[in-house]
$ cat work-v2.cif   # mmCIF, C-alpha atoms
data_start
loop_
_atom_site.label_atom_id
_atom_site.label_comp_id
_atom_site.auth_asym_id
_atom_site.auth_seq_id
_atom_site.Cartn_x
_atom_site.Cartn_y
_atom_site.Cartn_z
CA CYS A 1 -24.30 63.75 69.99
CA ALA A 2 -27.32 64.09 67.72
CA PRO A 3 -27.41 63.46 63.95
CA ALA A 4 -28.30 66.28 61.59
CA ARG A 5 -29.46 68.75 64.20
CA VAL A 6 -28.33 70.67 67.28
CA ARG A 7 -29.62 69.83 70.77
CA LYS A 8 -29.26 71.39 74.20
CA TRP A 9 -29.66 69.53 77.48
CA PRO A 10 -30.52 70.52 81.09
CA LEU A 11 -27.48 71.61 83.08
CA ASP A 12 -27.00 70.33 86.53
CA GLY A 13 -28.87 67.05 86.68
CA LEU A 14 -31.04 68.65 89.33
CA GLY A 15 -33.42 70.37 86.90
CA GLY A 16 -31.33 73.45 86.16
CA ALA A 17 -31.51 75.98 83.35
CA TRP A 18 -30.70 75.32 79.68
CA GLY A 19 -27.38 75.96 77.93
CA GLY A 20 -24.03 76.75 79.59
CA PRO A 21 -21.57 74.38 81.32
CA VAL A 22 -21.69 70.65 82.04
CA GLY A 23 -25.17 69.17 82.01
CA ALA A 24 -27.35 66.13 81.61
CA LEU A 25 -25.96 62.80 80.56
CA THR A 26 -26.00 61.42 77.06
CA LEU A 27 -24.31 58.40 75.57
CA SER A 28 -22.69 58.42 72.15
CA SER A 29 -20.21 56.01 70.59
CA GLY A 30 -19.93 54.14 73.87
CA HIS A 31 -19.00 57.21 75.95
CA LEU A 32 -20.98 58.94 78.64
CA CYS A 33 -20.86 62.62 77.89
CA ALA A 34 -22.14 65.70 79.64
CA PRO A 35 -22.55 68.25 76.87
CA GLY A 36 -21.82 71.76 78.01
CA ARG A 37 -22.16 73.41 74.64
CA VAL A 38 -24.14 73.12 71.46
CA ARG A 39 -22.77 70.24 69.36
CA LYS A 40 -23.24 69.25 65.77
CA TRP A 41 -22.94 65.69 64.50
CA PRO A 42 -20.58 63.99 63.85
CA LEU A 43 -18.90 64.18 67.22
CA ASP A 44 -17.86 61.39 69.50
CA GLY A 45 -18.90 61.32 73.12
CA LEU A 46 -15.76 63.13 74.28
CA GLY A 47 -16.04 66.09 71.93
CA GLY A 48 -13.75 64.81 69.19
CA ARG A 49 -14.18 65.13 65.45
CA GLY A 50 -16.47 62.19 64.79
CA ARG A 51 -13.80 59.49 64.87
CA HIS A 52 -13.60 56.48 67.15
CA ASN A 53 -10.87 53.88 66.69
CA GLY A 54 -9.98 55.45 63.34
CA ARG A 55 -13.46 55.46 61.86
CA VAL A 56 -16.20 58.03 61.55
CA THR A 57 -18.87 57.44 64.15
CA ASP A 58 -22.53 57.42 63.19
CA PRO A 59 -24.85 57.55 66.22
CA THR A 60 -27.63 55.93 64.20
CA SER A 61 -25.62 52.77 63.49
CA ASP A 62 -23.46 52.31 66.60
CA PRO A 63 -25.07 49.61 68.79
CA GLN A 64 -23.75 51.30 71.93
CA THR A 65 -25.36 54.67 71.15
CA LEU A 66 -28.27 55.70 73.33
CA ASP A 67 -30.92 58.27 72.57
CA PRO A 68 -29.83 61.40 74.50
CA GLN A 69 -33.38 62.20 75.52
CA THR A 70 -33.79 58.85 77.27
CA LEU A 71 -30.76 59.59 79.45
CA ASP A 72 -32.03 62.84 80.91
CA PRO A 73 -31.27 62.44 84.65
CA GLN A 74 -34.89 63.29 85.42
CA THR A 75 -36.04 60.18 83.52
CA LEU A 76 -33.51 57.67 84.89
CA ASP A 77 -34.95 54.98 87.14
CA PRO A 78 -34.14 56.07 90.73
CA LYS A 79 -34.16 52.45 91.93
CA ALA A 80 -31.95 50.63 89.39
CA LEU A 81 -29.06 51.47 87.08
CA ASP A 82 -30.29 51.83 83.52
CA PRO A 83 -29.52 48.44 81.88
CA ARG A 84 -28.21 50.20 78.76
CA ILE A 85 -25.55 51.86 80.90
CA ALA A 86 -24.91 48.71 82.96
CA GLU A 87 -24.14 46.64 79.85
CA LEU A 88 -21.37 49.07 78.86
CA LEU A 89 -19.49 48.65 82.16
CA LYS A 90 -16.47 46.34 82.34
CA ARG A 91 -16.21 45.57 86.02
CA ASP A 92 -13.30 43.96 87.89
CA GLU A 93 -13.66 40.62 89.70
CA ARG A 94 -15.41 42.41 92.58
CA GLY A 95 -17.94 44.10 90.28
CA LEU A 96 -16.29 47.51 90.52
CA VAL A 97 -15.09 50.22 88.14
CA ALA A 98 -12.61 52.98 89.00
CA ALA A 99 -14.06 56.48 89.34
CA VAL A 100 -11.69 59.42 88.83
CA VAL A 101 -13.07 62.58 90.41
CA GLN A 102 -12.19 65.93 88.84
CA GLN A 103 -13.07 69.51 89.80
CA HIS A 104 -15.35 70.75 87.02
CA ASP A 105 -13.95 74.27 86.58
CA THR A 106 -10.20 73.85 87.20
CA GLY A 107 -9.67 70.31 85.89
CA ASP A 108 -7.86 69.33 89.13
CA VAL A 109 -7.88 65.57 89.70
CA LEU A 110 -9.14 65.25 93.27
CA MET A 111 -9.31 61.54 94.05
CA VAL A 112 -10.02 58.03 92.80
CA GLY A 113 -12.75 55.86 94.25
CA TRP A 114 -14.63 52.71 93.28
CA MET A 115 -18.21 52.23 92.18
CA ASP A 116 -20.43 49.24 91.62
CA ASP A 117 -23.74 49.50 89.77
CA GLU A 118 -25.59 50.78 92.84
CA ALA A 119 -23.00 53.46 93.64
CA LEU A 120 -23.11 54.63 90.03
CA ARG A 121 -26.92 54.66 90.07
CA ARG A 122 -26.92 56.84 93.19
CA THR A 123 -24.30 59.15 91.68
CA LEU A 124 -26.28 59.55 88.44
CA THR A 125 -29.66 60.10 90.09
CA GLU A 126 -29.01 61.87 93.40
CA GLY A 127 -26.66 64.70 92.43
CA ARG A 128 -23.96 63.67 94.90
CA VAL A 129 -21.06 61.23 94.52
CA THR A 130 -21.41 57.80 96.15
CA PHE A 131 -18.61 55.22 96.28
CA TRP A 132 -18.24 51.61 97.35
CA SER A 133 -15.64 51.34 100.13
CA ARG A 134 -13.49 48.28 99.52
CA SER A 135 -11.98 48.46 103.02
CA ARG A 136 -15.26 48.92 104.92
CA GLY A 137 -17.48 46.92 102.56
CA GLU A 138 -20.19 49.58 102.45
CA TYR A 139 -21.46 52.54 100.44
CA TRP A 140 -20.30 56.00 101.40
CA ARG A 141 -21.52 59.30 100.09
CA LYS A 142 -18.71 61.81 100.01
CA GLY A 143 -19.21 64.53 102.59
CA ASP A 144 -21.83 62.90 104.82
CA THR A 145 -19.48 62.87 107.80
CA SER A 146 -16.86 65.49 106.83
CA GLY A 147 -19.13 68.03 105.18
CA HIS A 148 -16.81 67.96 102.15
CA VAL A 149 -19.57 67.26 99.65
CA GLN A 150 -19.00 66.47 95.99
CA TRP A 151 -21.87 67.86 93.88
CA VAL A 152 -22.12 66.03 90.56
CA ARG A 153 -21.66 68.17 87.45
CA GLY A 154 -21.26 65.35 84.90
CA VAL A 155 -20.21 61.73 84.43
CA ARG A 156 -18.35 60.11 81.53
CA LEU A 157 -17.44 56.51 80.78
CA ASP A 158 -14.10 55.78 79.11
CA CYS A 159 -13.74 53.99 75.79
CA ASP A 160 -13.01 50.61 77.45
CA GLY A 161 -15.93 50.86 79.87
CA ASP A 162 -13.76 50.21 82.93
CA ALA A 163 -13.30 53.73 84.30
CA LEU A 164 -15.54 56.69 85.05
CA LEU A 165 -14.69 60.39 85.04
CA VAL A 166 -16.88 62.24 87.53
CA SER A 167 -16.92 66.01 87.22
CA VAL A 168 -17.82 67.66 90.54
CA ASP A 169 -18.12 70.88 92.46
CA GLN A 170 -16.03 70.03 95.51
CA VAL A 171 -16.89 71.61 98.86
CA GLY A 172 -13.81 71.78 101.09
CA ALA A 173 -10.98 69.27 100.91
CA ALA A 174 -11.36 66.16 98.75
CA CYS A 175 -8.83 64.09 100.71
CA HIS A 176 -9.57 62.61 104.14
CA THR A 177 -6.20 64.01 105.29
CA GLY A 178 -7.46 67.55 104.73
CA ASP A 179 -5.49 68.09 101.51
CA HIS A 180 -7.23 69.68 98.57
CA SER A 181 -6.50 66.57 96.48
CA CYS A 182 -5.53 63.01 97.37
CA PHE A 183 -2.53 63.53 95.07
CA ASP A 184 -1.04 66.55 96.87
CA ALA A 185 1.18 64.89 99.50
CA ARG A 186 3.11 62.15 97.70
CA VAL A 187 5.04 63.52 94.74
CA LEU A 188 7.30 60.86 93.25
CA PRO A 189 10.61 61.61 91.49
CA ALA A 190 10.24 61.22 87.73
CA VAL A 191 12.35 62.09 84.73
CA VAL A 192 10.51 64.77 82.78
CA GLY A 193 10.19 63.95 79.12
CA ARG A 194 10.17 66.58 76.41
CA ALA A 195 9.07 66.48 72.81
CA ALA A 196 11.83 66.92 70.24
CA PRO A 197 11.96 70.48 68.83
#

$ encode --input "work-v2.cif" --output "structure tokens"
Amino acid sequence: CAPARVRKWPLDGLGGAWGGPVGALTLSSGHLCAPGRVRKWPLDGLGGRGRHNGRVTDPTSDPQTLDPQTLDPQTLDPKALDPRIAELLKRDERGLVAAVVQQHDTGDVLMVGWMDDEALRRTLTEGRVTFWSRSRGEYWRKGDTSGHVQWVRGVRLDCDGDALLVSVDQVGAACHTGDHSCFDARVLPAVVGRAAP
């Protein structure tokens, strides 16, 4: 995420050590990324080979690229979502973006929730996942009543700006039914496709 040199970022968004797994947020080529390893430019925000929409990305010329140092979670405004992040979001008619929650070490998809700017701000600055409840019309921080806390390990924004990928350390079950994942109970019949040999 940095041109012509290698950078490392703090780990856990809570002031952790340097190096190792998922860490502080950066933005490159329109993607939120949580670098967990040393990277050399050119790379896109999702760890690719410097290509975005078929072209080589140059963090110095992309208007949606943010300086990684300015997105250190310790420097984000705790009272308002950074306007540089806010302008990248493509919200639905209710002002929301989908947030897919994934266990950081196994890759298990745990659940999908919804965030507005305030829920995203809380998630980025408080170290725990906060959603906007469409049914209750209020914010809810995962685990406040159940104890099944989701500790933030990283957040990424997809290429269209309308979905977030939140990497977490899940405590207990992610689903309100008690299942590990909200996708455990309802398996639909589907024809399995295979690539030609």

$ residues_around --input "work-v2.cif" --residues "region 159-168 of chain A" --least-positions-apart "4" --cutoff "7 Å" --atoms "all atoms listed in the file" --output "ChimeraX atom specification"
/A:30-31,88-91,97-104,150-155

$ atom_distance --input "work-v2.cif" --atom1 "CA of Thr123 (chain A)" --atom2 "CA of Asp92 (chain A)"
19.1 Å

$ residues_around --input "work-v2.cif" --residues "region 139-141 of chain A" --least-positions-apart "3" --cutoff "12 Å" --atoms "only C-alpha atoms" --output "ChimeraX atom specification"
/A:113-123,126-136,144-152

$ atom_distance --input "work-v2.cif" --atom1 "CA of Asp169 (chain A)" --atom2 "CA of Gln74 (chain A)"
19.7 Å

$ atom_distance --input "work-v2.cif" --atom1 "CA of Glu93 (chain A)" --atom2 "CA of Lys79 (chain A)"
23.8 Å
